[in-house]
Every structure is written in structure tokens, then in C-alpha cells.
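The data block below is entry-v7.cif; it holds mmCIF, C-alpha atoms.
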data_data
loop_
_atom_site.label_atom_id
_atom_site.label_comp_id
_atom_site.auth_asym_id
_atom_site.auth_seq_id
_atom_site.Cartn_x
_atom_site.Cartn_y
_atom_site.Cartn_z
CA MET A 12 0.00 0.00 0.00
CA GLY A 13 3.00 2.29 0.43
CA ASN A 14 3.33 2.87 -3.31
CA ILE A 15 -0.25 4.03 -3.82
CA MET A 16 -1.32 7.68 -3.65
CA TRP A 17 -4.94 8.15 -2.59
CA SER A 18 -6.31 11.42 -3.94
CA THR A 19 -9.32 11.44 -1.59
CA GLY A 20 -7.69 10.51 1.71
CA HIS A 21 -10.38 7.89 2.38
CA ASP A 22 -8.91 6.32 5.54
CA LEU A 23 -11.62 3.67 5.95
CA LEU A 24 -10.81 1.92 2.69
CA ASN A 25 -7.21 1.12 3.54
CA ARG A 26 -7.70 -2.58 2.86
CA GLU A 27 -7.47 -4.88 -0.12
CA ILE A 28 -10.77 -5.48 -1.90
CA ILE A 29 -10.36 -8.28 -4.43
CA ARG A 30 -13.84 -9.26 -5.62
CA GLY A 31 -17.31 -7.81 -6.13
CA LYS A 32 -20.80 -9.07 -6.84
CA ASN A 33 -23.77 -6.75 -7.30
CA CYS A 34 -23.69 -4.43 -4.25
CA HIS A 35 -21.22 -6.50 -2.24
CA VAL A 36 -17.41 -6.44 -2.27
CA PHE A 37 -15.03 -8.86 -0.56
CA ASP A 38 -11.55 -8.50 0.91
CA LYS A 39 -8.65 -10.98 0.91
CA GLN A 40 -9.87 -12.53 4.14
CA GLY A 41 -13.29 -13.24 2.63
CA ASN A 42 -15.11 -10.53 4.58
CA SER A 43 -18.16 -9.14 2.79
CA TYR A 44 -19.08 -5.44 2.68
CA LEU A 45 -22.31 -3.85 1.50
CA ASP A 46 -21.34 -1.14 -0.99
CA ILE A 47 -24.11 1.45 -1.11
CA GLU A 48 -21.67 3.97 -2.57
CA SER A 49 -21.43 1.98 -5.85
CA GLY A 50 -17.67 2.33 -5.95
CA THR A 51 -17.42 6.02 -6.77
CA TRP A 52 -21.12 6.27 -7.68
CA SER A 53 -20.25 4.28 -10.80
CA THR A 54 -21.47 0.66 -10.60
CA VAL A 55 -25.05 1.59 -11.41
CA ILE A 56 -26.01 -2.03 -12.23
CA GLY A 57 -23.77 -3.57 -9.57
CA HIS A 58 -20.24 -4.90 -9.43
CA CYS A 59 -19.34 -7.50 -12.06
CA HIS A 60 -22.74 -7.72 -13.71
CA PRO A 61 -22.68 -10.90 -15.83
CA ALA A 62 -23.85 -9.11 -18.98
CA ILE A 63 -21.04 -6.56 -18.71
CA ASN A 64 -18.46 -9.23 -17.95
CA GLN A 65 -19.53 -11.17 -21.04
CA VAL A 66 -19.25 -8.14 -23.30
CA LEU A 67 -15.83 -7.27 -21.87
CA ILE A 68 -14.58 -10.77 -22.68
CA GLU A 69 -16.11 -10.93 -26.14
CA GLN A 70 -15.06 -7.46 -27.31
CA ALA A 71 -11.58 -7.67 -25.75
CA SER A 72 -10.98 -10.91 -27.66
CA GLN A 73 -11.78 -9.15 -30.96
CA LEU A 74 -10.62 -5.53 -30.80
CA ILE A 75 -10.02 -3.12 -27.92
CA HIS A 76 -8.44 -0.04 -29.45
CA THR A 77 -8.99 1.61 -32.82
CA GLY A 78 -7.16 4.93 -32.79
CA PHE A 79 -7.94 7.85 -35.08
CA ASN A 80 -7.82 6.27 -38.51
CA TYR A 81 -10.59 3.68 -38.43
CA TYR A 82 -13.47 2.59 -36.24
CA HIS A 83 -15.35 -0.51 -35.18
CA PRO A 84 -19.10 -0.62 -36.03
CA ILE A 85 -20.01 -0.88 -32.33
CA ILE A 86 -19.06 2.80 -31.98
CA GLU A 87 -21.69 3.88 -34.52
CA GLU A 88 -24.28 1.52 -33.01
CA VAL A 89 -23.94 2.70 -29.41
CA SER A 90 -23.64 6.35 -30.44
CA GLY A 91 -27.06 5.95 -32.00
CA GLN A 92 -28.44 4.45 -28.79
CA ILE A 93 -27.15 7.35 -26.70
CA LEU A 94 -28.43 9.96 -29.14
CA LYS A 95 -31.85 8.31 -29.07
CA LEU A 96 -31.92 8.39 -25.26
CA VAL A 97 -31.05 12.11 -25.17
CA ASP A 98 -33.42 12.85 -28.08
CA MET A 99 -30.79 14.30 -30.40
CA PRO A 100 -31.72 13.02 -33.89
CA GLU A 101 -28.89 13.52 -36.39
CA GLY A 102 -26.63 14.59 -33.52
CA LYS A 103 -23.10 13.41 -32.87
CA CYS A 104 -21.53 11.41 -30.05
CA VAL A 105 -17.91 10.87 -29.02
CA PHE A 106 -16.58 8.28 -26.55
CA LEU A 107 -13.90 9.33 -24.08
CA CYS A 108 -12.40 7.99 -20.85
CA SER A 109 -13.85 9.90 -17.89
CA GLY A 110 -16.68 12.20 -16.90
CA SER A 111 -14.20 15.01 -16.33
CA GLU A 112 -12.98 14.63 -19.89
CA ALA A 113 -16.50 14.61 -21.33
CA ILE A 114 -17.36 17.87 -19.54
CA GLU A 115 -14.11 19.53 -20.58
CA TYR A 116 -14.71 18.40 -24.17
CA GLY A 117 -18.15 20.03 -24.06
CA VAL A 118 -16.72 23.24 -22.61
CA ARG A 119 -14.18 23.40 -25.44
CA VAL A 120 -16.93 22.83 -28.00
CA ILE A 121 -18.91 25.82 -26.72
CA ARG A 122 -15.81 28.03 -26.50
CA SER A 123 -14.84 27.10 -30.05
CA ILE A 124 -18.27 28.07 -31.39
CA ILE A 125 -18.54 31.28 -29.32
CA PRO A 126 -15.08 32.43 -28.21
CA ASN A 127 -14.29 35.28 -25.83
CA SER A 128 -17.35 34.84 -23.66
CA PHE A 129 -18.29 33.53 -20.23
CA LEU A 130 -19.74 30.22 -19.16
CA LEU A 131 -22.28 30.17 -16.35
CA THR A 132 -22.58 27.48 -13.68
CA PHE A 133 -23.61 27.21 -10.05
CA ASN A 134 -21.00 27.88 -7.40
CA ASP A 135 -21.45 24.36 -5.95
CA THR A 136 -21.13 22.53 -9.26
CA TYR A 137 -18.36 19.96 -9.63
CA CYS A 138 -17.39 20.02 -13.28
CA GLY A 139 -14.36 17.76 -13.29
CA ALA A 140 -10.79 17.15 -12.24
CA TYR A 141 -8.92 19.21 -14.82
CA GLY A 142 -9.05 21.93 -17.45
CA SER A 143 -11.12 25.08 -17.54
CA ALA A 144 -14.12 23.26 -16.07
CA SER A 145 -12.08 22.38 -12.99
CA ILE A 146 -10.46 25.78 -12.42
CA LYS A 147 -13.48 27.98 -13.22
CA ASP A 148 -11.31 31.06 -13.55
CA LYS A 149 -13.33 34.26 -13.01
CA ARG A 150 -12.02 35.55 -16.35
CA ASP A 151 -13.91 32.72 -18.08
CA TRP A 152 -16.66 31.67 -15.69
CA ILE A 153 -19.54 33.25 -13.80
CA LEU A 154 -20.59 31.33 -10.69
CA TYR A 155 -24.13 31.86 -9.44
CA ASP A 156 -24.73 31.13 -5.74
CA TRP A 157 -28.38 30.05 -5.69
CA HIS A 158 -28.14 29.08 -2.01
CA ASN A 159 -27.41 32.60 -0.74
CA CYS A 160 -29.42 34.95 -2.93
CA SER A 161 -32.12 37.31 -1.69
CA CYS A 162 -34.77 34.63 -2.25
CA THR A 163 -33.21 32.10 0.09
CA LYS A 164 -32.32 34.71 2.69
CA ALA A 165 -36.01 35.55 2.75
CA GLY A 166 -36.78 31.88 3.39
CA LYS A 167 -37.99 31.09 -0.13
CA GLU A 168 -36.75 28.75 -2.82
CA CYS A 169 -34.64 30.52 -5.42
CA GLU A 170 -36.65 30.89 -8.63
CA GLY A 171 -34.62 33.70 -10.17
CA ASP A 172 -36.82 36.44 -8.71
CA CYS A 173 -33.97 38.29 -7.04
CA LYS A 174 -31.49 41.05 -7.74
CA GLU A 175 -28.60 38.57 -7.84
CA PHE A 176 -30.22 36.78 -10.77
CA GLU A 177 -30.96 40.08 -12.53
CA GLU A 178 -27.26 40.94 -12.26
CA ILE A 179 -26.15 37.91 -14.30
CA PRO A 180 -24.75 39.34 -17.60
CA PHE A 181 -26.52 36.92 -19.93
CA THR A 182 -25.53 38.90 -23.05
CA GLN A 183 -21.89 38.00 -22.33
CA ILE A 184 -22.56 34.31 -21.64
CA SER A 185 -22.24 31.61 -24.30
CA GLY A 186 -23.32 28.60 -22.27
CA PHE A 187 -24.72 27.17 -19.05
CA VAL A 188 -23.07 24.10 -17.51
CA PHE A 189 -25.78 22.45 -15.42
CA GLU A 190 -25.26 19.66 -12.89
CA PRO A 191 -28.87 18.61 -12.13
CA GLY A 192 -28.76 17.73 -8.47
CA SER A 193 -25.46 16.33 -7.25
CA SER A 194 -24.41 19.75 -5.92
CA ALA A 195 -20.78 18.72 -5.38
CA GLY A 196 -21.92 15.64 -3.49
CA LEU A 197 -24.47 17.31 -1.20
CA VAL A 198 -27.53 16.34 -3.30
CA LYS A 199 -29.38 19.63 -3.59
CA PHE A 200 -31.84 20.39 -6.36
CA PRO A 201 -32.40 23.87 -7.79
CA SER A 202 -35.99 24.74 -8.59
CA ILE A 203 -37.51 23.93 -11.97
CA ARG A 204 -38.42 27.58 -12.51
CA LEU A 205 -34.86 28.77 -11.83
CA ILE A 206 -33.38 26.34 -14.35
CA GLN A 207 -35.98 27.15 -16.99
CA LYS A 208 -35.36 30.90 -16.54
CA ILE A 209 -31.62 30.41 -16.98
CA VAL A 210 -32.17 28.27 -20.08
CA GLU A 211 -34.55 30.86 -21.56
CA ASN A 212 -31.98 33.63 -21.08
CA ILE A 213 -29.16 31.54 -22.57
CA ARG A 214 -31.34 30.68 -25.58
CA LYS A 215 -32.18 34.36 -26.15
CA ASN A 216 -28.49 34.95 -26.75
CA ILE A 217 -28.05 31.86 -28.97
CA GLY A 218 -26.06 30.15 -26.24
CA TYR A 219 -25.67 26.48 -25.40
CA ILE A 220 -26.81 24.24 -22.55
CA LEU A 221 -24.26 21.62 -21.45
CA VAL A 222 -25.66 19.17 -18.91
CA ASN A 223 -23.30 17.30 -16.61
CA GLU A 224 -24.95 13.88 -16.21
CA VAL A 225 -21.83 12.12 -14.97
CA THR A 226 -23.40 11.47 -11.56
CA THR A 227 -27.12 12.02 -12.22
CA GLY A 228 -27.37 10.09 -15.48
CA ILE A 229 -27.91 6.45 -16.48
CA GLY A 230 -31.02 5.97 -14.33
CA ARG A 231 -29.63 7.24 -11.04
CA THR A 232 -32.47 9.73 -10.39
CA GLY A 233 -35.40 7.57 -11.52
CA LYS A 234 -35.17 8.88 -15.08
CA TRP A 235 -32.49 8.21 -17.66
CA PHE A 236 -31.07 11.68 -17.02
CA GLY A 237 -31.34 14.27 -14.28
CA TYR A 238 -32.20 17.09 -16.69
CA GLN A 239 -35.44 15.27 -17.57
CA HIS A 240 -36.85 16.39 -14.20
CA TYR A 241 -36.59 20.00 -15.44
CA GLY A 242 -38.43 19.94 -18.75
CA ILE A 243 -35.45 21.25 -20.73
CA HIS A 244 -33.66 20.00 -23.83
CA PRO A 245 -29.88 20.51 -23.70
CA ASP A 246 -27.47 21.04 -26.57
CA LEU A 247 -24.74 18.85 -25.09
CA VAL A 248 -24.90 15.99 -22.58
CA ALA A 249 -21.81 14.67 -20.78
CA LEU A 250 -22.01 11.09 -19.49
CA GLY A 251 -19.62 9.06 -17.35
CA LYS A 252 -19.53 6.89 -14.21
CA GLY A 253 -22.59 4.64 -14.67
CA LEU A 254 -22.18 4.56 -18.45
CA GLY A 255 -19.34 2.08 -18.00
CA ASN A 256 -20.56 0.52 -14.72
CA GLY A 257 -17.03 0.95 -13.39
CA TYR A 258 -15.20 0.60 -16.71
CA PRO A 259 -13.55 3.95 -17.62
CA VAL A 260 -15.69 5.18 -20.51
CA SER A 261 -17.58 8.43 -20.96
CA SER A 262 -19.29 10.21 -23.81
CA LEU A 263 -20.40 13.60 -24.99
CA ALA A 264 -23.55 13.83 -27.08
CA MET A 265 -24.41 16.99 -29.00
CA THR A 266 -27.31 18.16 -31.13
CA LYS A 267 -27.20 18.53 -34.90
CA ARG A 268 -27.19 22.32 -34.53
CA THR A 269 -24.20 22.20 -32.18
CA HIS A 270 -22.19 19.94 -34.44
CA GLN A 271 -22.99 21.95 -37.57
CA ASN A 272 -21.90 25.18 -35.89
CA LEU A 273 -18.69 23.49 -34.75
CA LYS A 274 -17.69 22.22 -38.21
CA ASN A 275 -16.42 25.54 -39.47
CA LYS A 276 -14.47 26.35 -36.32
CA GLU A 277 -10.91 25.62 -35.23
CA PHE A 278 -11.64 22.64 -33.01
CA ILE A 279 -8.98 20.01 -32.38
CA TYR A 280 -9.29 17.42 -29.65
CA ALA A 281 -7.36 14.18 -29.89
CA GLN A 282 -6.38 11.57 -27.36
CA SER A 283 -5.35 7.97 -27.84
CA HIS A 284 -8.45 6.27 -26.47
CA GLN A 285 -11.09 8.40 -28.12
CA ASN A 286 -13.83 6.16 -29.57
CA ASP A 287 -12.30 2.87 -28.46
CA ALA A 288 -14.41 -0.16 -29.34
CA LEU A 289 -14.26 -1.75 -25.89
CA GLY A 290 -15.61 1.32 -24.08
CA ALA A 291 -18.46 1.69 -26.58
CA ALA A 292 -19.33 -2.01 -26.25
CA VAL A 293 -19.51 -1.74 -22.47
CA ALA A 294 -21.68 1.38 -22.67
CA GLY A 295 -24.05 -0.40 -25.03
CA ALA A 296 -24.29 -3.37 -22.68
CA VAL A 297 -25.09 -1.12 -19.71
CA ILE A 298 -27.88 0.63 -21.63
CA LYS A 299 -29.33 -2.68 -22.81
CA THR A 300 -29.22 -4.18 -19.30
CA ILE A 301 -31.06 -1.22 -17.78
CA GLN A 302 -33.71 -1.48 -20.48
CA THR A 303 -34.21 -5.26 -20.42
CA GLU A 304 -34.21 -5.51 -16.62
CA GLY A 305 -36.54 -2.53 -16.15
CA LEU A 306 -34.09 -0.83 -13.80
CA ILE A 307 -35.39 2.73 -14.24
CA GLU A 308 -38.79 1.61 -12.97
CA ARG A 309 -37.11 -0.43 -10.24
CA CYS A 310 -35.17 2.65 -9.13
CA ILE A 311 -38.45 4.48 -8.47
CA THR A 312 -39.80 1.56 -6.43
CA LEU A 313 -36.61 1.29 -4.39
CA GLU A 314 -36.56 5.05 -3.83
CA ASP A 315 -40.02 4.86 -2.29
CA LYS A 316 -38.89 2.08 0.04
CA ILE A 317 -35.68 3.66 1.26
CA ARG A 318 -37.17 7.14 1.63
CA VAL A 319 -40.04 5.78 3.78
CA GLU A 320 -37.54 3.94 5.98
CA LEU A 321 -35.31 6.98 6.34
CA ALA A 322 -38.27 9.24 7.09
CA ALA A 323 -39.23 6.91 9.94
CA LEU A 324 -35.69 7.15 11.35
CA SER A 325 -35.83 10.92 11.02
CA GLU A 326 -38.95 10.96 13.20
CA LYS A 327 -37.16 8.88 15.86
CA TYR A 328 -33.83 10.68 15.87
CA PRO A 329 -33.58 14.51 15.88
CA LEU A 330 -29.89 14.03 15.00
CA ILE A 331 -31.08 13.55 11.41
CA ARG A 332 -31.53 17.07 10.15
CA LYS A 333 -32.61 16.55 6.54
CA ILE A 334 -33.04 13.83 3.96
CA ARG A 335 -32.62 14.90 0.35
CA GLY A 336 -32.82 12.71 -2.69
CA ARG A 337 -34.06 11.83 -6.11
CA GLY A 338 -34.17 8.22 -7.22
CA LEU A 339 -31.26 6.34 -5.66
CA MET A 340 -29.16 9.45 -5.08
CA ILE A 341 -29.79 10.30 -1.43
CA ALA A 342 -28.10 12.51 1.16
CA ILE A 343 -28.66 12.23 4.91
CA GLU A 344 -27.69 15.43 6.70
CA PHE A 345 -27.00 15.21 10.44
CA GLU A 346 -26.76 17.90 13.10
CA ASP A 347 -23.28 16.49 13.89
CA ARG A 348 -21.37 13.20 14.39
CA ALA A 349 -21.63 12.17 10.71
CA SER A 350 -18.00 10.96 10.73
CA TYR A 351 -18.69 8.75 13.73
CA ILE A 352 -21.82 7.29 12.09
CA HIS A 353 -19.88 6.73 8.89
CA ASN A 354 -17.20 4.85 10.80
CA GLN A 355 -19.74 2.77 12.70
CA LEU A 356 -21.49 1.75 9.48
CA PHE A 357 -18.12 0.66 8.15
CA GLN A 358 -17.54 -1.43 11.28
CA HIS A 359 -20.81 -3.18 10.43
CA GLY A 360 -19.55 -3.83 6.90
CA ILE A 361 -21.37 -1.01 5.08
CA PHE A 362 -19.68 1.42 2.67
CA CYS A 363 -21.29 4.80 2.06
CA ALA A 364 -19.88 8.24 1.21
CA LYS A 365 -19.00 10.85 3.83
CA ARG A 366 -18.85 14.33 2.33
CA ARG A 367 -15.66 15.92 3.69
CA GLY A 368 -16.26 19.12 5.63
CA HIS A 369 -20.01 18.49 5.92
CA GLU A 370 -22.25 16.50 8.24
CA VAL A 371 -23.59 14.52 5.29
CA LEU A 372 -23.64 10.85 4.33
CA ARG A 373 -24.46 10.05 0.74
CA ILE A 374 -26.24 6.88 -0.41
CA ASP A 375 -25.93 5.84 -4.08
CA PRO A 376 -26.63 2.09 -4.25
CA PRO A 377 -26.79 0.18 -7.53
CA LEU A 378 -30.21 0.08 -9.18
CA THR A 379 -29.92 -3.69 -8.69
CA ILE A 380 -29.68 -3.58 -4.90
CA GLU A 381 -31.85 -6.18 -3.14
CA HIS A 382 -34.53 -5.23 -0.62
CA LYS A 383 -32.74 -7.23 2.08
CA ASP A 384 -29.63 -5.09 1.58
CA ILE A 385 -31.62 -1.90 2.06
CA GLU A 386 -33.10 -3.43 5.21
CA GLN A 387 -29.59 -4.32 6.44
CA PHE A 388 -28.47 -0.70 6.02
CA ILE A 389 -31.58 0.68 7.74
CA PHE A 390 -31.26 -1.82 10.60
CA HIS A 391 -27.66 -0.90 11.35
CA LEU A 392 -28.24 2.85 10.99
CA ASP A 393 -31.19 2.57 13.37
CA ASP A 394 -29.08 0.57 15.83
CA ILE A 395 -26.19 3.06 15.70
CA LEU A 396 -28.46 6.07 16.22
CA SER A 397 -30.35 4.30 19.01
CA LYS A 398 -27.13 3.62 20.93
CA MET A 399 -25.96 7.19 20.39
CA LYS A 400 -29.27 8.51 21.70
CA ALA A 401 -29.10 6.23 24.75
CA ALA A 402 -25.51 7.26 25.49
CA SER A 403 -26.44 10.93 25.18
CA SER A 404 -29.39 10.51 27.56
CA PHE A 405 -27.19 8.70 30.07
CA SER A 406 -24.48 11.38 29.97
CA ASN A 407 -27.08 14.11 30.56
CA GLU A 408 -28.48 12.50 33.72
#
This structure in C-alpha cells:
Amino acid sequence: MGNIMWSTGHDLLNREIIRGKNCHVFDKQGNSYLDIESGTWSTVIGHCHPAINQVLIEQASQLIHTGFNYYHPIIEEVSGQILKLVDMPEGKCVFLCSGSEAIEYGVRVIRSIIPNSFLLTFNDTYCGAYGSASIKDKRDWILYDWHNCSCTKAGKECEGDCKEFEEIPFTQISGFVFEPGSSAGLVKFPSIRLIQKIVENIRKNIGYILVNEVTTGIGRTGKWFGYQHYGIHPDLVALGKGLGNGYPVSSLAMTKRTHQNLKNKEFIYAQSHQNDALGAAVAGAVIKTIQTEGLIERCITLEDKIRVELAALSEKYPLIRKIRGRGLMIAIEFEDRASYIHNQLFQHGIFCAKRRGHEVLRIDPPLTIEHKDIEQFIFHLDDILSKMKAASSFSNE
């Protein structure tokens, strides 16, 4: 372990995990852990799904890498599937390696079509690990803080009816990069009206809407994509994480209008694993599995179950401050002690995400999680909170 650099500092996972099956992973000693974090929110149909394993074997035995000069027909086939899902007839789709790369690719597309302008996003949006989308330099980006505008200070939901919104210089903005709900891991959802007002203003100035579906896409929110909860139609959609179910593939889909406006511009983007056959094959298998197994519908059913269970715990334990979620993307916000609860869940063999610097645990189980696994999580969370409450009552006597 001494040769590995962990970028997240996740101290609880300092052990060797060697095998996975659906929402369980196993260490070298054979211990089983319930993974309701889905790796890094990626294994949307569970670890080592048989359909994905089969496609990996079959495609890897034929052709993995194509390079720039030729392509495998699976790339065209799966591009068509993605474009159909995002309702972009005659659009274009490119396969890349990570969600960060797909977002950065989209940002460069917009900047190539409309140079020397700003991009707008929310201040709590995570756009990726590198490039302009990561840095968000104030010379290139305008960050709108929808949590601390006049609306929210007055105790209302932000719907763009505030002076802060009126001050956004839409005439200087070429695009809006929208992350529909992850909110840098805190799972917060801007209002439908706010998003639609932003989109209307961007459209007035012939701008572009780039939606970051890396976390919220591929069925995670009870629809194929998070933007579908907002009644908008984007120009570009960036996909990652669940698209490969843990395999490193992402894609950027764009409308016909976007691609046509890009053709006459100076746009060069080339990397060695762009449009590799293996990544496209995996993406196609994930899409097919979700469709054939009815996992979008199942996500809605499972959401109802877990939200009811969590609401019951919230009634019992004032330590639970808020429960936010959409589909199987859920945040539990505590008054305090979230790190302790996180650690205790781990001691009971349950992986979930602790948002650093916040009293928030995040739950993103695979859409294939079994009811008994949800019940196991709820049972242990209930037990942990019950013991904490009893200890607190005893110390106050």
C-alpha cells in the first residue's frame, strides 16, 4: 500500500478489496461489505454484472483499441443508442475515458463556437478534475450562488426572482453548464423555474446548454437523465460513471445544430483512447441491461422504500436534520457526528460516502440492490443512532 497515492484521503478503505458481486465487495480474508456507494457512484447495475463481464470478454478478444484512422461498427451503433436516449436526432456522439474529460470536451466545443465569452454554472457545481471546467477562472466563468441569494435569505426557494439573478450578464454568456442535483456531493436540487429561466436567457443569446450527467445520469435519479426532471432540452450531454458501470468510458452527445456550428471552427481534440471499441461495447451493454431488466422503474420503487424507511428514522432521531434525494441518489444530513456514524457503518460492513467538511452521508446504491440489503443498512443505521441517543441521555443525567 505504500506505493499508492490516494487522492481522496479515504482512511476507511485502507484494505485490499479483491472481488465484487452486485452491491457487495469482498476483501482478501473473505469478509463481505455492503457497498451502497457503488464504488465512486459508478457501478449503477452492480459490481461485475454478468452481462457486462460477457461483453468485456467478447469485445476484448476481438478488438479493444482503434485509434484515429478507423473505427469498429459498435461505436456507430452505441452512439445511435445514446443519441436516441437524449433525443438528439442527427446529432453526434464521441466516446472518451472519464466524466471530467466529457465535460471539458463540451466546454471546449462551446468556447470554439462562441469564443471570448463567459460560461455560467452554479458555485457548488463539480465540473471535473482538470481543465477550464475544474479551475473555473473568473475571467472565463460566472458562478451563481443560488443558495445565498435574496430569495433564500427571505426563506424562499430561489426561482430567479432576485437582484442577484438580474445581475447575471446573460448577453456575455455563451453557455450554461448544469449539474442537475449532485451539488458537489451534497444532493441539492435547484428549482424547476430557476433552471428554466436560466435556459430561456441563454437561448435568447443563442447560447448552449451543457448538462453534466456524470453522476445524475444512467437511471440514477429515476429517469435516464437528471435534466429530464426539469423539462429542458440541452445542446450537449456529458455522461460518465454509470455509463461504464465501473469501466472507464464516458461520452459527450451533441445536437445537430451544435455539431454543424462546430464544423467551421478551429476545433482540435485528440487523445489515444477516443472512440475505443471496448468502451463503446460496455456502454451499449449497460444501456441494454437497464432497459431489459426494467431498472429505471425499479429505481423508483426502491426510492419509495428507502425514503419511507429513512423518514421513519428521522422521526425517531432529531440528529437527522434533513433527507434529500431523487431516485437512488440520497443525502442524509445530520446535526453532527456524521463521521462517527460513517465509521460505525463501516464497522458493520457497510460502505457509504461521507462528504468531507459536511455533516452529510451520501447513499448511491446500484439500481440492482436487493430489498434485504436496504433493510440491512436501515437496521444498522437505526441501531447506531439508538445507541448514540441512549448514550447521550445517560451522559445528561
### Task
For each of A:Val120, A:Ile385, A:Val97, A:Ala264, take the minimum atom-to-atom distance to Ile279 (chain A), counting all atoms listed in the file, then give the residue where this is smallest.
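Of the candidates, the smallest distance to Ile279 (chain A) is held by A:Val120.
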### Task
Identify which of the residues A:Ile229, A:Ile184, A:Ile63, A:Met99 lies closest to Ser128 (chain A), counting all atoms listed in the file when measuring atom-to-atom distances.
A:Ile184
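Nearest residue to Leu306 (chain A), choosing from A:Arg122, A:His58, A:Arg318, A:Lys234 and counting only C-alpha atoms: A:Lys234.
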### Message
Under the rule that all atoms listed in the file are counted, which of A:Cys108, A:Val319, A:Leu94, A:Leu197 is the nearest residue to Gly290 (chain A)?
### Response
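Among the listed residues, the smallest separation from Gly290 (chain A) belongs to A:Cys108.
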### Query
If you apply the PyMOL selection byres ((chain A and resi 337) around 10) to this file, what residues do you get, as a PyMOL selection string?
chain A and resi 192-193+198-200+227+231-234+237+240+310-311+314-315+318+335-336+338-342
#### Entry: Separation of CA of Phe236 (chain A) from CA of Val248 (chain A) in Å
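Atom-to-atom, CA of Val248 (chain A) and CA of Phe236 (chain A) are spaced 9.4 Å apart.
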Using all atoms of region 274-284 of chain A that appear in the file, construct an axis-aligned enclosing box with 8 Å of padding on every side and provide its centre coordinates and edge lengths in Å, rounded to one decimal, as AutoDock Vina command-line options.
--center_x -11.5 --center_y 16.3 --center_z -33.0 --size_x 28.3 --size_y 36.1 --size_z 29.0
### Query
Could you work out how far CA of Ile206 (chain A) lies from CA of Glu175 (chain A), giving the answer in Å with one decimal?
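We find that CA of Glu175 (chain A) and CA of Ile206 (chain A) lie 14.7 Å from each other.
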### Task
Taking the file above as input, evaluate the PyMOL selection byres ((chain A and resi 283) around 12) and report the hits as a VMD selection string.
chain A and resid 76 to 80 106 to 108 280 to 282 284 to 287
Would you put the residues from that selection into a file with C-alpha atoms, as a PDB file, keeping the file's coordinate frame?
ATOM      1  CA  HIS A  76      -8.440  -0.040 -29.450  1.00  0.00           C
ATOM      2  CA  THR A  77      -8.990   1.610 -32.820  1.00  0.00           C
ATOM      3  CA  GLY A  78      -7.160   4.930 -32.790  1.00  0.00           C
ATOM      4  CA  PHE A  79      -7.940   7.850 -35.080  1.00  0.00           C
ATOM      5  CA  ASN A  80      -7.820   6.270 -38.510  1.00  0.00           C
ATOM      6  CA  PHE A 106     -16.580   8.280 -26.550  1.00  0.00           C
ATOM      7  CA  LEU A 107     -13.900   9.330 -24.080  1.00  0.00           C
ATOM      8  CA  CYS A 108     -12.400   7.990 -20.850  1.00  0.00           C
ATOM      9  CA  TYR A 280      -9.290  17.420 -29.650  1.00  0.00           C
ATOM     10  CA  ALA A 281      -7.360  14.180 -29.890  1.00  0.00           C
ATOM     11  CA  GLN A 282      -6.380  11.570 -27.360  1.00  0.00           C
ATOM     12  CA  HIS A 284      -8.450   6.270 -26.470  1.00  0.00           C
ATOM     13  CA  GLN A 285     -11.090   8.400 -28.120  1.00  0.00           C
ATOM     14  CA  ASN A 286     -13.830   6.160 -29.570  1.00  0.00           C
ATOM     15  CA  ASP A 287     -12.300   2.870 -28.460  1.00  0.00           C
TER      16      ASP A 287
END
### Task
Could you tell me which residues the PyMOL selection byres ((chain A and resi 30) around 10) returns for this structure, as number ranges by chain?
A: 27-29, 31-32, 35-39, 41, 43, 58-59
